Structure formats: C-alpha cells, structure tokens
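Structure record follows, encoded as structure tokens.
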Amino acid sequence: MDRLYRTIGLLIVFALFADCHRTTLNKRNKEDVKTYLTKANEELRVQKHDMGLASWAQSSNITAENDAAYIEALEKFDEFSKKQFNDVKAYFDEMPSLEPYYRRQLEKMGNIQTSALSHTDSTRFSEVSLRMKVLYSKASISINGKDNLELEPDLTELLANSIDEKLLRDIWMKWRDAIGPTMRPDFIKYYTLGNKAAKANALPGKEFKTYDDLWMAEWETSDMKEQVDKLMDQIMPFYQKIHAYVRYFLKKKYGESVMPEDGTIPAHLLGNMWAQQWSNVLNTITEMNPNPDVDQIDTKVNEKLKNWTVEDMFRLSESFFHGLGMKNMTEKFWKNSIMTKPKDRNLTGHASAWDFYDNDGDFRIKMLTEKTIHDLITIHHEMGHVQYYMNYESQPAIYRRGANPGFHEAIGDLIALSVATPQHLMKVKLLDEETEANLEKINLNYQLKMALDKVSFLPFAYVMDKWRWDVFSDPSIGVQLNKRWWEYRLKFQGISPPKDTRKRNENDFDPGAKYHIPAGVEYVRYFVSHILQFQFYEQMCSYVKGWTSLYQCDFDGNTDAGKALMDTLAKGSSDVWPNILNDFIGSPTMSTSSLEKYFEPLSKYLDKFIKEKNIEVGWNANVDNYVEPIKPNDYLKDANEQLQNQLNLVTLAEWAQGSDINEENEQALIEATSDFNIFRQKQFAETKKFNYSSLEPYEKRQFEKFAVIGTSALNETDAKTFQANLLKMEQVFSTAKVSAGGESNLELEPDLTNILSSSTNESLLREVWVNFRDVTGRKIRTNYVTYVDLGNKAAKLNALPDKEFKTFDDLWMFSWEVDDLKDQVAELIKELHPLYQKVHAYVRYHLKTKYNSTMPDDGTIPAHLVGNMWAQSWSNLLNTIPELNPYPDVDPIDAKVNEKLTKWTIDEMFKLSEKFFVGLGMDSMTDIFWKKSILTKPTNRSMTCHASAWDFYSPQDFRIKMCTEKTIDELTTIHHEMGHIQYFMNYASQPTIYREGANPGFHEAIGDLIALSVATPEHLSKIKLLDPITDPEQLKKINLNFQMKMALEKIVFLPFSYVMDKWRWDIFGDSSLESVMNKHFWNLTIQYQGISPPITDRKRNEVDFDPGAKYHIPAGVEYVRYFASHVLQFQFFASMCKSHTDSGKDLYQCDFDENKESGKRLIQLLKKGSNDTWKNILKEFVGTEKMSLEPLNNYFKPLDTFLDKFLSDNNITVGWKASANLTLNETNRIEECQLTCPPKEFCNPSTYDCQCKFGYHRRKNKNTCSRYYCQFDSDCIQKFGPNTFCHLYETCSCAVSSTLNSDTQTCEKVKMYSIWDTTTFLFVAIPALCFATCIILKYINYKKKKNQQLQEQIRALTDSPRINQYELTFISTGRIPNHVLLGDRNSMDNNKTPNDKPPNYDDLFPSSK
C-alpha cells in the first residue's frame, strides 16, 4: 500500500511539473505572440504609410505615371499582406488562450481582403478597380452648349439651384451615360474577384463565401445585416411622412406630367445627383419650408461666407475642436492638405480625410472647397476624422481605425450636428442674432433641412449595400444589375428614374454613378453613422446645460463633453464596438430613439400638415414600369461574362484537385462545383424567360446552349452526391497502386505502362492487367451506379420546350446538334470493319507465334498482350515483337528518336512544339503557360497524370498538366495538347458559350492533326530527331513501318472508342443492364474489337467492373469525341496537305510544318469555336459537311495493300467468333456486397446487404453506423444476442467463452473439445494457471512471514518505556488517531525525557526505505 501511495505521489508531482511546464510554455508563447504583434504592427504601419503616399499621389493628380505607381504600391502591399497572413497562421493555435486585446489583433491581421488573391488576380482586381475610379473621376458632360462640365462644382451647382426640369433630366441622364455602360463589365469582374478573395481569406472555423462577408467581418457582429434591416424598419414610418410632404410640393411645382401616379418621386428633382440628400430643394421651392417667410439659413450663411477665405473656414473648424480640449491640426496638415481645386490637373474631388501612419503628424484633407454652409459642415466632418486619427495614433497600427466602420463617419457627423445649429452659427457670426419668436421658426425650418439631409439619406444608404449584398451573393443577378438597383430604390426610397423617351435598361449601370460603387467602399458604415451620430449627440449634450429640445444643443467649448469624446476616440478599434459604444453612451445597442427625439418637433408638424392637406403617405411602384426587360442580345452579353467568371473559379478548383489530390482540395472542388451549379440553375431559370425562337441562328444557338446546363440542373443534395461520386471514382483511379512481379506500389504512370509496353512475360502482363482492375474498377462499381442514376435524373431536368432528354447520353448528344450521331458513328464503324479486321488478323498471327498457348481458339486477342492497359493502342508491340513491322530489319523509328530524346530536357520538347505552331503563323505560348503548367510529375503529392490542356477563362491563362517522359509518344502528346491550347487561344474572343470546339470531336481532331504531321519520318528528320534518309528504298521501308505504327494507334483505336460510349449509351438507357454491366462491356468489346480478357483461374464477373479501369469512365468524359476526332483528323490532314497531294505525293508523307497558308486556314477554323454548327465549319474547311473515312483509307492505302498480300500469302483467317460468358455466383455476390460496405459495416451473407458490425448500430435518421454504448449486460444481449456482456459499463464485447464470427458478426460459444482447443488447454492454459498459483502461494507465504516478524517486534516493544500508546497504535495500524493530530506533541509523549531519542521507524519498516 505504501508503494501505491508513493506511486500516486510521483504521478501528482509529475502532473504538477507538467502543468508548470505547460504554463511556462504558454507564457513563453504568449510573450512570443506579443513580441510578434509589436513587430508586425510596426511593419504594417510602414506599409500603410507607403501605400497612403501612392494613393494620395494617384487621386490628387491622375496621370498614367501615378496610376502605374499606385498599382505597384498595391501589389507591394498585397505581397506584404500575404506574408503577414502566413506569419499570423503560426499563432492561430495560441489565439484561444490570448487576452482579447491580442487575439483580436491576430484575427484582424488574418483578414487581408483582396490581398489574399494570387498575384495575377490581385493585379486584375487593382486594374479594374483603378479603371472604375479613373472613369468616375475624369467624367464630364456637355450641357446647353457648355462642354467638359464636371461633377464638382459644375453639375452639383446646377442640380442644387435649377428648376428647369428638362435641364435637370439631361444632367441626370448624361452623367449616367458617361459612366455606367463603360463601368458595368469592370464592376462584374470586380465583384467576381472580390468573391474569390473572400474564399481565399478562410480562417480556422471561419469562412467567407462572398465579398460582403469580408466587409461584414470588420464589424465583428454576426447579425449586422439583421440589425440594419431592423433599424430600416424602425425609420420607415418617419421617412414616409417626409417623402409624402416633399412629393406634395414637387407635384405643385412640376405638375402631373412630371410626377408619376404611383406615388414615387423622380430622382432628378431633389437637388442632388443621387437623391441621397434633399435639402437643396428648400432653395428652389422655398414654400416647402414650414415658415417660408423666414429667410433661409443657408442663403444668409452663404452670403457671409463670400467674405471668408477657404482657410478661414478650416481655421474655424480647428477652433471648434480646440474648444473641446482637442489638439490643433499639425504643421504637416496645413502644408500638405488640398483645400481647393487645382487648375493644372485632374483629381478625385470627393472630400476625404487621410492618415499617413508616419507617427509624425501627417494627416490631411483633400477637398474641392466651395464657400457654402454645406462645405463648411463638410470641413468639420472631415476634420472630425482627422481628430479620430490623432487620438488613436498611439494604438497598434491594426487598431488605428474606428471602433466599427460606422464610428468614423458618426464622429464627423456628430460634430456637424452641433456646428449646423442656428445657435452655433449665430455664435460664430455667420448668422445674425434673432428674436425668440423668429428663432423658433428658424429652428423648425432647420429641423426640416436636417431631416432632408439625414433621414432621407438612410434608405439611400441602405439600398447602396443591400443591392451589393445581393449582387455579390448571387452571380445570376449580373444580367439584371440595373433592374435590381431600381427595384430596391423604388421599394425602400420611393424614388424613380425620370420620365424619358426610354426606360432604363441593362446597358445602363446607374449604381456606378455614385462614387462609392467604383471605389469599392462599403456604404452601410454611412447608414450606421446616421443612427449613431444622434446617439452620440444626445450623450454629448448630456454635459451641456440650458437646452430644452435636443436639436438646439451646441456643445461647442464644453471640455467635459470633449474629454468623454476623446476617451472614445483614443480607443480606436482596440475593443469590440458594442463595448466602446456602451462605455460612451451607456448602451451597447444601436437605436433610432435619439434620432426620433431630435426630430420630435418636425414629426408633429408633418403629422398635422399631412392630415390637413389629406396627403396620401407611401407609394406603390412596379419596377417593370421603369426598367425595360433585358434585350436578348444584352442578356447574352451579360450571361457570357458571368459564365466566364464562374468557369474561371470552378476550373481553378478542378486544377487544384487534379494537381494535388487531397481532402482539402477535394472539399474545395465540391464547394466550387456546388456554387457553379447554383449559378447555372439561376442562369438557366433566367434563360427560360426569353422567347428566342425567332432570333438569328447566332443568338438562338447561344440561348439553347445556356438553356441546357447538364448536371448543374440537379438540386444541391444530388449535385453534391454526383460530384462526390465523381471525385471518389477519379481519386481511386488516380491513386491506384498495385503489386506485380515481386514489386509493390507500382503506379499506372510510368511503372505499369512501361511493363506493358516492354515486357514479353505473359504471366507478368496478366498479373499487371488483372491487379490494376482489382484496385480501380472493382472499387468504384457502386459509385458508378449512383453516377448513372443521377446523370439520368439530370437529363430529365434539362428538358426544353421543344426537346426532352430521357437519359444522360441524350445530354451528351445535345452538343453535337444532330439527331443521328449514333447512327453516323455506327455506319463509320461498319465501314471501317474490313480494314480493322485485317490489322487484327495480322497482329493475331504474330501474337500466336509469340504466345501460342495463351491465344484463344475463337480468334480473339487477349487484352493484356497488345502493349497497352486498355488495348486501345497496339503500337508498343512493334518494340516487343519486331516481326510485326513489315520490314523488321529496319531499325524502329521510336527507338532511334527515344535515344536522341534522352539528351533533351522536357522544356526543350515543349519549346519544339511551340516552334511548330509559330511556324504555322500562330501565337507563342503565354507567360502564364510557362509559369503555371505542370510538365513533369511532382514527387511530393498525388496527381492525376492523364495529359490534359486547360482553359482558365482568364486572359492569357492556359496550361498543360502532364507527367512527361522523354519518348516520341510523349513528344507527340505534347503537340496534341498544345493543339488544344492553340484552339483555346484562338477562340478566346468568342462569347464564353462558344469557347469550345465546333463539336466535342473537333478539339481532339485538332490535336491529333498536328501529331499526324509531327510524327512523319520526314518531319523527325527535319528536327534532327532522326538521321537524314537518302536511300529511296530505305525510305519506302521506313514509311511502311511507320504506316503500321500509325495503324496500330489510329485504326485499332476506333472500335475501342466506339465500345467506350456504345456501352455507356446502353447502360444509361437500360436499367436492366445494371446487374450485368461487366458482361455487357465484354460482349461489346469482343463483338467490335475482337479483344477478350486474359485466361485466368477465374472468369471475369460482376464483382469486376473493367470499364472503370479506363480514366474517362470514372471521370465522366464522353468518348465518342475521340472516335470522331480519329475520323476528322484525317479529313483535316487531307485539307491541310492539299498542295502536297495535288503534286502527286502520298498523303501519309505530308508534313505541313511552316506552311503558313495552311496555317492561316486552320487559324480561321480555330477562331470560330462553336459559333456555327460543326457541319458548316467542317464544310468550309474540308469541303463536305459529313464525317468520312475516305481520307483515312487514302492515308493507309500502302498498308492496306501490304496486308492483303500478307494475309493471302500466309493463309490467315480474318475475323473472330466469341461471346462473353460471365456468371454471377453466390461467392461473387458476397464479394461484390463486401466491396460496397463502408468500414463500420459488413455484408450480411443471408440478405447481401450492408449492416452494422458488432458493437455498432445505425442511429435514427442517420445513414452511418456509430459506436453502441451500454450500461448493463442486458443491453448487449438485447442488441447483439447471447454470449455478450457490457465491458466496463461502456461497450459490448463477446463473453469469455465466446468469440466473434467475422462473417455473421455474432458472438459464438467456443467449442472446448476441438483438437485445437484441447491442445491450447493442455499446453497453454494449464501451465499458465500453475504459474499463477505458484506466484500467489509465494506471496501469501511472504506476507505471513512478514506479519510474524512484525508481531514479534511489537511484543518486544510493549514493555519499552520509549514507546507510548499512540506510537504503538501507529506502528500496529499505520494510522495516527484524529484526536492526536489535533493536539500538541507534548500531550502525545508524556514519558519522553530530554535525553530520550525518538524511535527509528526505518528499523521497524525497512521496506519503506
């Protein structure tokens, strides 16, 4: 027991040490974080300083040079932000344990907005943002013969002072015409990239789906949008009264012909370009004032301001802040600010305040000041921002901002509320003293003026961001941006566009007429500021005495109020804004109550006026009366732009997963595909609204293509399931590894491919063939059934008014735009069959001489013997069976070329291909191509190695992904894939829906067309990969060998490619084939190819899924395109070689390298994309609209002649006779079932379905098995049957006398008398029992002996005077009585004398040492 206590003690000590060590580590880590944040904030401050200088230079002097410098500064800041973001990631684990002050700094540094974009996208974002801002800043219009009128001051003054309705309408219309249509495409690119940036900013436990999510993150309040909606609802009744009052007077002024009947107000009549503030109408319609007999404050103040300088106005503002106890403006402020409009340059005139983060007083205002009360108030507003900057200057750089984005604006407006009161204006001598009675009238007029500025602004501010929130989150709105804008302006503002000769439409982009849209400045901050400023104002006025109504308060000179304000400003954003708000006003909640209190006198006046005049409050407008439906051409333009942006996003996700297969990229691809599907569904719905039957073919075909969206038509759940199954199948294929020939972890590329192409070991070839199918096809059979079901479901959902799609292959056929494609292909196969049978017989003859015992008697060729995993290309046989060459004594071309290629680099192979296309007059590959393509297999990750070309639907972004080897086959493939790239590059200017091959086979045909020329002996000699051939007879032999090679690649491929899709067409269309999918595959393979599976110990069965061993089956890529390409490429080749064949030369010898005339014709074909039917495009290029085998037959004429002679001379039978005989027996069914069961499930041998394994159960409403937890044995017996018990009151286990049957997953009693059990009992259990008994007996004897010794020692001590009764109790029991512990030592030892020594307990208990 003592040892147990000591052990427990050691554990406690260890735990305390570990906790202390962990605490030390945490303290150290926290100190590391603080040290990092200090450094990071200083670096951020420096970067913001540099960025501020570049931004100031660009906006205050708009030149190409400053634009470029600004872009460069943005790129530099983006790179810094990315680096800081990556640095911050290292401290994410520490965030939960940090104090909020430090944790929030890391969170804010982790949100880097658009800096998270790639360099290319970041540059694009900067460019489109800058273009929009420059367009806005440089905009000018002509009015009444006056040219180059700018917004400030020209148009602003006209709108504020004119009552010429036609003039106002012209200004309103022309300003929008000058900006909107040009800006619209850039705005779409802007928010598409913004949404992309949002996803790139994902943090642990926090993701951003759209750009507005990033904006909202700065508010640190998850329900911010809901709060704004609630505030809008609260303010609407008061706003509607103001709206009705203003409408009443406008109607009197402009008449029925101008004012709509639906109760809305035309936007151009309110004295402001955007109808965001309406106070200017008080100058033009003076009777609108409650007391029109009283002169307008603005007029009086403006008159006095004429005698002021602009600097006087700024100095007055400075003195106001100084009176509150705040600092004066700095020397740099007065030196560097721009206060009036320069005459020598263009600049952004929007008033703004600037913090340059230099820690040396560099704060500025940029403003084109006019001597008006409006600008005087604006000066106070902007200087309020500067005061905010100055007060939080000592905060870390990341906290040098408002508590939330609305605080900054609210602080500026708070000052303005005080400054604009009649009382304050009289105090600063800008308004003469008034009598009490007159002052009351002035105040009511002033209340209306403030309401027309403040209250009317709120719905406008709300619309500005509610519109953007919708646009960002729903890309399909991109085709009706203007309609949604006016829908919201009508609904929330009651504002309509002017009545004009035309309605607004989607060529217009009216939101862009407001600076904050092109500038990308969120606007909800202004909405919030217009609520908060009244809450702040009421709090500041609580320090002021003498006012009766809130609106009369002027806190000028009140240092107590100033101190409270400075305390708030000094915090910056170092705490969450509800806390800062609470510290300032005593409440953490935004409310309209202060605003309502401020405007209480006006509200009462409006109620009375509206009632007396019987004015109807509210409006009822229909957006269709103001915005015309989008025209088909306009819709197509927008739809194509939207589709391009969405395709870019999903292609990036596909590339990421295809080039780095992992769960994170897989999930990202699923999400990107889901987003794309949702977009396509919405676009699909919009497309169906149009009647496009009467349109020209060019437009009509676009609509038809938009109306068919494939699997995107599936609902979200089905779409995700479909995508997950596709990804699962592709992942199984791409990561497959097998063991063969004594080696393990062999991959398809290059391991298995090399074995199949070079080995003649039949058993090894068979092992590779079988094992690869075991680890690919077998594992995806169930996934493929799901894929078929959902594909067919998607087909039906794509139904058009005049066309139905019954099965998935119907969707595939749609892009061919012909109804009889399957019949055309069947006819071509039939026409090809005689030539293919000759090639088959020739190859079978030579295989039989090599593998006689392996060759079937039915005339078929075993699939594993033809040098290719899928028997789609047989040319590798020429290396392993040289006798297949018509002239085997001639060295194979491939070996010679491959030998030379060993000295080349992969890059040189790609550069050679590029040179070929340039020689035809085509463009070189782009810089992005060379930078981002993957040309060799990475060693640090799994990747889909199937060679592929990619169009990213982004300027200049085209790539190839390929695990290149230095062989002639790979060189040919490089030319093939680069042919695709050239197609992408040439049709890039087409509408997005036409950015594809004329039909799916065209793309492949173009790639193969190039390869036909490149692979000729003549061309290989030309590029020094083959030595020059001077002997004509030798050249003839080489050419015939080359013909054989090409036939074994091209001709034998056609039946294979036909089977690939013929099989799928049948599976999609006949559900009864689901149980015999593999048998049907082999029936077709044998029928059309004469290829049979290898003869093994077992036949192929329905557990096998041999089609799934080919990439295009799990990847869901239709294959008839490759069939068509192998026909079309020879038609294209004949067309390209027309000058060659016209001179009497054989077609197969043609090399059109550097033939720019042929290249020009090819470029014309490529540029069309699919903008016309493929039949028309084909006819224009080759002279016929039908696919034809005639050029192929001409190409292979020399070989055909040779085969006829050889087959005749050797009496070789042509053809085969066989059928697939596959069975599905009991064992197969169990094995197939087991393959489909998840890890926690097993196959029930009675029912052949998946059930939960022992110890697991299927929870209600769940489709997965989870651990079953028990409390009593009866729980387990009831759940899993007899012979079970509840182990440790937690999980069920088999009883001691039972064992788990792995087949049935039940506990069965052990048969004790089997030979094995008897042997175990005799030789294991009995010796173990004996050994345990001996140990126990020894221990008992040892304890008995120790007890005897102890008793003897106790008896010996009983008579000793040195041992008192308590010590004896301790010795005998090991315990000290409680009452002794409470006393002192003297009471315990009354017999003890000074000379007595304490007993040596170690002598009594030696084992305790």
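A note on labels: chains of the structure tokens are A, B, ... as shown, every chain counts residues from 1, and ligands are counted from 1 in their shown order.
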
*Could you tell me, as a list in words, which residues of segment 361-571 of chain A DSSP assigns to strand (DSSP E) when given the backbone?*
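Assigned to strand (DSSP E), within segment 361-571 of chain A: Phe363, Arg364, Ile365, Lys366, Ile495 and Ser496 of chain A.
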
_Contacts of Ser574 of chain A within 9 Å, only C-alpha atoms, excl. fewer than 4 positions in-chain, as a VMD selection string_ = chain A and resid 101 104 to 105 395 to 396 398 to 401 403 580

Any chance you could export the current selection's N, CA and C atoms as a tab-separated table (two decimals), in the first residue's frame?
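Result saved to result-v3.tsv:
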```
chain	number	residue	atom	x	y	z
A	101	TYR	N	-7.45	41.56	-26.29
A	101	TYR	CA	-6.70	42.67	-26.90
A	101	TYR	C	-5.70	42.15	-27.93
A	104	ARG	N	-7.62	39.64	-30.92
A	104	ARG	CA	-8.30	40.38	-31.98
A	104	ARG	C	-7.32	40.98	-32.97
A	105	GLN	N	-6.12	41.30	-32.53
A	105	GLN	CA	-5.10	41.78	-33.48
A	105	GLN	C	-4.76	40.69	-34.49
A	395	GLN	N	-2.25	53.79	-30.74
A	395	GLN	CA	-2.67	52.40	-30.78
A	395	GLN	C	-1.80	51.61	-31.78
A	396	PRO	N	-1.72	50.28	-31.62
A	396	PRO	CA	-1.07	49.47	-32.67
A	396	PRO	C	-1.71	49.75	-34.03
A	398	ILE	N	-2.88	48.04	-36.34
A	398	ILE	CA	-4.07	47.27	-36.70
A	398	ILE	C	-5.31	47.81	-36.02
A	399	TYR	N	-5.13	48.57	-34.91
A	399	TYR	CA	-6.25	49.17	-34.19
A	399	TYR	C	-6.45	50.64	-34.54
A	400	ARG	N	-5.69	51.15	-35.48
A	400	ARG	CA	-5.83	52.55	-35.87
A	400	ARG	C	-6.95	52.67	-36.90
A	401	ARG	N	-8.15	52.52	-36.42
A	401	ARG	CA	-9.37	52.63	-37.22
A	401	ARG	C	-10.54	52.84	-36.26
A	403	ALA	N	-14.02	52.21	-34.16
A	403	ALA	CA	-14.47	51.03	-33.42
A	403	ALA	C	-15.25	50.09	-34.34
A	580	ILE	N	-17.29	49.62	-26.71
A	580	ILE	CA	-16.90	51.04	-26.79
A	580	ILE	C	-18.14	51.92	-26.80
```

*Which one of A:Phe916, A:Phe952, A:Phe599, A:Tyr605 sits closest to Thr972 of chain A if you count only C-alpha atoms?*
A:Phe916

*For segment 311-324 of chain A, list every protein, DNA or RNA residue within 8 Å, evaluated using only C-alpha atoms, and leave out those in the same chain fewer than 2 positions away; present the list as a ChimeraX atom specification.*
/A:308-309,326-329,339,376,379-380,383,556-563

_Residues flagged alpha helix (DSSP H) by DSSP in segment 168-301 of chain A, as a count of residues only_ = 80

*Using only C-alpha atoms, which residue out of A:Ala351, A:Ile1023, A:Met566, A:Ile179 lies closest to Phe584 of chain A?*
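For Phe584 of chain A, the nearest of the candidates is A:Met566.
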
Would you mind listing what lies within 10 Å of Met232 of chain A as a CSV table (one decimal) with N, CA, C and O atoms, in the first residue's frame, with only C-alpha atoms counted and same-chain residues fewer than 6 positions away left out?
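Contents of part_2.csv, freshly written:
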```
chain,number,residue,atom,x,y,z
A,226,GLU,N,-28.9,41.9,-40.1
A,226,GLU,CA,-30.2,41.8,-39.5
A,226,GLU,C,-30.5,43.1,-38.6
A,226,GLU,O,-31.6,43.6,-38.6
A,239,TYR,N,-39.7,58.4,-42.4
A,239,TYR,CA,-39.3,58.7,-43.7
A,239,TYR,C,-40.4,58.8,-44.7
A,239,TYR,O,-40.5,59.7,-45.5
A,458,LEU,N,-31.0,57.8,-45.1
A,458,LEU,CA,-31.0,56.4,-44.6
A,458,LEU,C,-31.4,55.3,-45.6
A,458,LEU,O,-30.7,54.3,-45.8
A,459,PRO,N,-32.6,55.5,-46.2
A,459,PRO,CA,-33.0,54.5,-47.2
A,459,PRO,C,-32.0,54.4,-48.4
A,459,PRO,O,-31.7,53.3,-48.9
A,462,TYR,N,-29.1,52.4,-47.2
A,462,TYR,CA,-29.5,51.0,-47.1
A,462,TYR,C,-29.5,50.3,-48.4
A,462,TYR,O,-28.9,49.2,-48.6
A,492,PHE,N,-37.6,50.9,-51.3
A,492,PHE,CA,-37.2,51.4,-50.0
A,492,PHE,C,-37.2,53.0,-50.0
A,492,PHE,O,-37.3,53.6,-48.9
A,527,PHE,N,-24.9,54.4,-43.3
A,527,PHE,CA,-26.2,54.2,-42.7
A,527,PHE,C,-26.1,54.1,-41.1
A,527,PHE,O,-26.8,54.8,-40.4
A,592,THR,N,-32.9,54.0,-33.0
A,592,THR,CA,-33.3,55.2,-33.6
A,592,THR,C,-34.0,56.2,-32.6
A,592,THR,O,-34.5,57.2,-33.0
```

*asked:* Report, in Å to a single decimal, how far apart atom CA of Leu490 of chain A and atom CA of Thr286 of chain A are.
replied: 26.3 Å

*State, in Å with one decimal place, the distance from atom CA of Gln296 of chain A to atom CA of Gly618 of chain A.*
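The value is 28.3 Å.
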
*Counting only C-alpha atoms, what is within 12 Å of Asn940 of chain A, bar same-chain residues fewer than 6 positions away, as number ranges by chain?*
A: 659-662

Those residues you just picked out, can you put them in a file as an mmCIF file, in the first residue's frame with N, CA and C atoms?
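Below you can see result.cif, which holds the result:
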```cif
data_model
loop_
_atom_site.group_PDB
_atom_site.id
_atom_site.type_symbol
_atom_site.label_atom_id
_atom_site.label_comp_id
_atom_site.auth_asym_id
_atom_site.auth_seq_id
_atom_site.Cartn_x
_atom_site.Cartn_y
_atom_site.Cartn_z
ATOM 1 N N SER A 659 -4.153 18.516 -59.601
ATOM 2 C CA SER A 659 -2.696 18.608 -59.500
ATOM 3 C C SER A 659 -2.193 18.353 -58.085
ATOM 4 N N ASP A 660 -3.092 18.237 -57.131
ATOM 5 C CA ASP A 660 -2.700 17.919 -55.750
ATOM 6 C C ASP A 660 -3.904 17.280 -55.070
ATOM 7 N N ILE A 661 -3.981 15.957 -55.178
ATOM 8 C CA ILE A 661 -5.164 15.243 -54.690
ATOM 9 C C ILE A 661 -5.102 15.110 -53.179
ATOM 10 N N ASN A 662 -5.962 15.865 -52.491
ATOM 11 C CA ASN A 662 -6.066 15.753 -51.040
ATOM 12 C C ASN A 662 -7.475 16.136 -50.611
#
```

*Contacts of segment 1119-1127 of chain A within 9 Å, only C-alpha atoms, excl. fewer than 2 positions in-chain, as a PyMOL selection string*: chain A and resi 825+828+999-1009+1050-1051+1053-1058+1060-1062+1112-1113+1117+1129-1131+1187-1189+1191-1192

*Smallest atom-to-atom distance to Val524 of chain A: which of A:Trp816, A:Tyr357, A:Phe407, A:Tyr698, using only C-alpha atoms?*
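Smallest distance to Val524 of chain A is found for A:Phe407.
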
*Who sits within 8 Å of segment 106-109 of chain A, only C-alpha atoms, same chain under 6 positions skipped, as a PyMOL selection string*: chain A and resi 37+84-85+88+91-92+95+218+398

Selection export as a CSV table (one decimal), in the first residue's frame, atoms kept: C-alpha atoms:
```
chain,number,residue,atom,x,y,z
A,37,LEU,CA,2.5,41.7,-32.8
A,84,GLN,CA,1.8,38.7,-42.8
A,85,PHE,CA,-1.2,36.4,-43.2
A,88,VAL,CA,-0.1,35.1,-38.4
A,91,TYR,CA,0.0,31.8,-34.0
A,92,PHE,CA,-3.6,30.6,-34.7
A,95,MET,CA,-5.5,32.5,-30.2
A,218,GLU,CA,-14.8,44.1,-39.7
A,398,ILE,CA,-4.1,47.3,-36.7
```

Write out, as a Markdown table, each residue of segment 896-916 of chain A that has an atom at most 12 Å from segment 1143-1165 of chain A, together with the closest pair of atoms and their distance in Å to one decimal, counting only C-alpha atoms, rows going by chain and rising number.
```
| residue | atom | partner | partner_atom | distance |
| --- | --- | --- | --- | --- |
| A:Leu912 | CA | A:Asp1153 | CA | 11.8 |
| A:Ser913 | CA | A:Asp1153 | CA | 10.8 |
| A:Glu914 | CA | A:Asp1153 | CA | 11.7 |
| A:Lys915 | CA | A:Glu1154 | CA | 9.3 |
| A:Phe916 | CA | A:Asp1153 | CA | 6.4 |
```
